[in-house]
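Asker: File data_12.txt follows (compact mmCIF, C-alpha atoms):
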# COMPACT_ATOMS: atom_id res chain seq x y z
CA GLY A 121 -0.99 -6.61 22.18
CA ILE A 122 1.67 -6.87 19.45
CA ASP A 123 2.46 -3.93 17.19
CA PRO A 124 3.09 -4.08 13.42
CA ALA A 125 6.86 -3.61 13.76
CA GLU A 126 7.08 -6.66 16.01
CA ILE A 127 4.89 -8.64 13.60
CA LEU A 128 7.29 -7.79 10.75
CA SER A 129 10.33 -8.65 12.87
CA ARG A 130 8.92 -12.08 13.71
CA VAL A 131 7.84 -12.84 10.14
CA ASN A 132 11.21 -11.65 8.86
CA ARG A 133 13.13 -13.95 11.23
CA ASP A 134 11.01 -16.94 10.21
CA LEU A 135 11.37 -16.26 6.48
CA ALA A 136 15.09 -15.52 6.65
CA ALA A 137 15.81 -18.74 8.55
CA GLU A 138 15.22 -20.93 5.49
CA ASN A 139 15.88 -18.66 2.55
CA GLU A 140 18.60 -20.43 0.58
CA ASN A 141 17.41 -18.88 -2.70
CA LEU A 142 17.63 -15.33 -1.27
CA LEU A 143 14.04 -14.52 -2.12
CA PHE A 144 12.36 -11.52 -0.49
CA VAL A 145 8.92 -10.15 0.27
CA THR A 146 7.70 -6.57 0.62
CA LEU A 147 4.92 -6.01 3.13
CA PHE A 148 2.85 -3.21 4.58
CA CYS A 149 1.33 -4.22 7.93
CA ALA A 150 -1.39 -2.15 9.59
CA ILE A 151 -3.93 -2.37 12.37
CA LEU A 152 -7.04 -0.17 12.06
CA ASN A 153 -8.97 0.84 15.16
CA THR A 154 -12.55 1.06 13.85
CA ARG A 155 -13.64 3.09 16.88
CA THR A 156 -11.15 5.94 16.47
CA GLY A 157 -9.82 5.66 12.91
CA GLU A 158 -6.29 5.26 14.23
CA VAL A 159 -4.04 3.22 11.94
CA VAL A 160 -0.88 1.78 13.49
CA TYR A 161 1.47 0.55 10.77
CA SER A 162 4.92 -0.61 9.78
CA ASN A 163 6.62 -1.28 6.48
CA ALA A 164 9.05 -3.76 4.96
CA GLY A 165 10.05 -2.23 1.64
CA HIS A 166 6.51 -1.90 0.30
CA ASN A 167 5.04 0.95 -1.73
CA PRO A 168 3.52 3.82 0.25
CA PRO A 169 -0.29 3.64 0.48
CA LEU A 170 -2.41 6.63 -0.48
CA ILE A 171 -5.05 8.29 1.64
CA LEU A 172 -7.88 9.83 -0.35
CA ARG A 173 -9.45 12.26 2.08
CA ALA A 174 -13.20 12.82 2.02
CA ASN A 175 -12.56 16.31 0.60
CA GLY A 176 -10.75 14.81 -2.44
CA LYS A 177 -7.21 15.60 -1.29
CA VAL A 178 -4.70 12.79 -1.90
CA GLU A 179 -1.86 12.17 0.58
CA TRP A 180 0.96 9.65 0.55
CA LEU A 181 1.23 7.78 3.83
CA LYS A 182 4.67 8.53 5.30
CA LEU A 183 6.36 5.18 5.82
CA PRO A 184 9.11 4.29 8.25
CA GLU A 185 12.20 2.73 6.75
CA GLY A 186 12.16 -1.03 6.72
CA LEU A 187 14.13 -3.61 4.77
CA VAL A 188 12.25 -6.19 2.70
CA LEU A 189 11.48 -9.43 4.56
CA ALA A 190 13.62 -12.59 4.44
CA VAL A 191 16.99 -10.97 3.66
CA MET A 192 18.52 -10.18 7.05
CA PRO A 193 17.09 -12.03 10.07
CA ASP A 194 17.86 -9.22 12.55
CA SER A 195 16.32 -6.35 10.59
CA LYS A 196 14.53 -3.79 12.75
CA TYR A 197 11.19 -2.21 11.90
CA GLN A 198 9.42 0.86 13.24
CA THR A 199 5.77 1.54 13.95
CA ARG A 200 4.01 4.79 13.05
CA THR A 201 0.47 6.04 13.53
CA THR A 202 -1.96 8.05 11.42
CA THR A 203 -5.68 8.73 11.53
CA ILE A 204 -8.27 7.92 8.90
CA ARG A 205 -11.44 9.97 9.25
CA LYS A 206 -15.03 9.33 8.19
CA GLY A 207 -15.25 9.34 4.39
CA ASP A 208 -11.50 8.79 3.88
CA THR A 209 -10.21 5.94 1.70
CA LEU A 210 -6.97 4.06 2.22
CA LEU A 211 -5.57 2.72 -1.08
CA LEU A 212 -2.98 -0.06 -0.97
CA TYR A 213 -1.36 -1.48 -4.11
CA THR A 214 1.53 -3.60 -5.35
CA ASP A 215 4.43 -2.25 -7.37
CA GLY A 216 2.93 -3.87 -10.47
CA VAL A 217 0.58 -0.89 -10.55
CA THR A 218 3.14 1.92 -10.57
CA GLU A 219 5.71 -0.07 -12.57
CA SER A 220 3.30 -1.07 -15.32
CA MET A 221 4.90 -0.10 -18.64
CA ASN A 222 3.45 1.03 -21.92
CA PRO A 223 4.88 0.06 -25.35
CA ALA A 224 7.21 3.11 -25.18
CA ARG A 225 8.66 1.59 -21.93
CA VAL A 226 7.27 4.43 -19.79
CA LEU A 227 6.20 3.47 -16.27
CA TYR A 228 2.69 4.23 -15.04
CA SER A 229 4.25 6.01 -11.99
CA GLU A 230 3.23 7.15 -8.54
CA THR A 231 2.31 10.54 -10.02
CA ALA A 232 -0.29 8.93 -12.30
CA LEU A 233 -1.63 6.82 -9.45
CA ALA A 234 -2.09 9.86 -7.19
CA ARG A 235 -3.80 11.81 -9.98
CA ILE A 236 -6.22 8.98 -10.83
CA THR A 237 -6.93 8.31 -7.14
CA GLY A 238 -7.83 11.97 -6.74
CA GLU A 239 -10.62 11.46 -9.27
CA CYS A 240 -12.28 8.91 -7.00
CA ALA A 241 -13.60 11.00 -4.09
CA ALA A 242 -17.22 10.34 -5.11
CA LYS A 243 -16.62 6.68 -5.90
CA ASN A 244 -17.08 3.74 -3.54
CA PRO A 245 -14.07 1.44 -2.88
CA LYS A 246 -15.01 -1.05 -5.61
CA GLU A 247 -15.42 1.74 -8.17
CA THR A 248 -12.11 3.27 -7.02
CA VAL A 249 -10.24 0.00 -7.61
CA GLU A 250 -11.93 -0.46 -11.00
CA HIS A 251 -11.07 3.13 -12.00
CA VAL A 252 -7.39 2.68 -11.11
CA ILE A 253 -7.13 -0.70 -12.86
CA LYS A 254 -8.75 0.74 -16.00
CA SER A 255 -6.25 3.61 -15.97
CA VAL A 256 -3.29 1.21 -15.57
CA LYS A 257 -4.56 -1.01 -18.40
CA ASN A 258 -5.12 2.01 -20.65
CA HIS A 259 -1.57 3.14 -19.94
CA ALA A 260 -0.10 -0.30 -20.69
CA GLY A 261 -2.01 -0.73 -23.92
CA ALA A 262 -0.73 -3.81 -25.75
CA GLU A 263 2.35 -4.18 -23.52
CA PRO A 264 2.19 -7.52 -21.65
CA GLN A 265 1.76 -7.36 -17.88
CA SER A 266 5.12 -8.05 -16.21
CA ASP A 267 4.14 -8.11 -12.53
CA ASP A 268 1.09 -8.65 -10.35
CA ILE A 269 -1.42 -5.83 -10.11
CA THR A 270 -3.19 -5.86 -6.77
CA ILE A 271 -5.19 -2.97 -5.33
CA MET A 272 -7.25 -2.70 -2.17
CA ALA A 273 -9.37 0.29 -1.18
CA LEU A 274 -10.79 0.67 2.32
CA ARG A 275 -13.23 3.48 3.09
CA ILE A 276 -14.22 4.56 6.58
CA LEU A 277 -18.02 4.96 6.52
CA ASP A 278 -18.46 5.67 10.20
CA LEU A 279 -16.49 5.54 13.41
CA LYS A 280 -17.80 3.84 16.54
CA ALA A 281 -16.17 6.21 19.06
Would you mind giving the structure from this file in structure tokens?
Answerer:
Amino acid sequence: GIDPAEILSRVNRDLAAENENLLFVTLFCAILNTRTGEVVYSNAGHNPPLILRANGKVEWLKLPEGLVLAVMPDSKYQTRTTTIRKGDTLLLYTDGVTESMNPARVLYSETALARITGECAAKNPKETVEHVIKSVKNHAGAEPQSDDITIMALRILDLKA
């Protein structure tokens, strides 16, 4: 009975209460209804997820504004809704993916991530994650990794509605 914006508000208040070092957290919070494909979500400064539609089209999920967690205890968050259909894949990732640098100091970028994700329509979620990670590592070459690289792919195989 609690929506993602309220979850973020509560977590934010708790983290901000004892944050003497002024650390922060980015977070994307979503609830997926497996019967309808409805995704109710909110955001606290995190990167926008991608939706790889079953037809191969790649879309950025439109995120509501939301300050990172733990900075201001009274920050407000908004909830939005989208629908994931049968065969669609939701791709979530950390900024270590798009901000991975090569030896020439060029970022991997959201553009590269969208292009590589678009190549994955026929791949299962595990193969999608492996394909993206391989692309990021190829881009980085010998440059040391400077941030975490975390990717999660969720594909809707069937809806229960």
Asker: To one decimal in Å, tell me the separation between CA of Arg225 (chain A) and CA of Ala260 (chain A).
Answerer: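 Computing the Euclidean distance for CA of Arg225 (chain A) and CA of Ala260 (chain A) yields 9.0 Å.
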Asker: Nearest to Val145 (chain A): which of A:Arg133, A:His166, A:Lys246, A:Lys177 is it, counting all atoms listed in the file?
Answerer: A:His166
Asker: At what distance in Å, to one decimal, does CA of Ile271 (chain A) lie from CA of Val252 (chain A)?
Answerer: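 Computing the Euclidean distance for CA of Val252 (chain A) and CA of Ile271 (chain A) yields 8.4 Å.
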Asker: For a test of reading the model, state the distance in Å between CA of Leu170 (chain A) and CA of Thr209 (chain A), rounded to one decimal.
Answerer: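 Distance between the two atoms: 8.1 Å.
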Asker: Measuring atom to atom with all atoms listed in the file, identify which of A:Pro124, A:Gly238, A:Gly165, A:Gly176 is nearest to Val191 (chain A).
Answerer: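 For Val191 (chain A), the nearest of the given residues is A:Gly165.
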Asker: Restricting the calculation to only C-alpha atoms, which member of A:Leu212, A:Ala174, A:Leu227, A:Val217 is positioned closest to Asn244 (chain A)?
Answerer: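 Comparing A:Leu212, A:Ala174, A:Leu227, A:Val217 against Asn244 (chain A), the winner is A:Ala174.
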Asker: Might you pull out every residue within 9 Å of Pro264 (chain A), with all atoms listed in the file counted and same-chain residues fewer than 5 positions away left off, and present them as number ranges by chain?
Answerer: A: 221-223
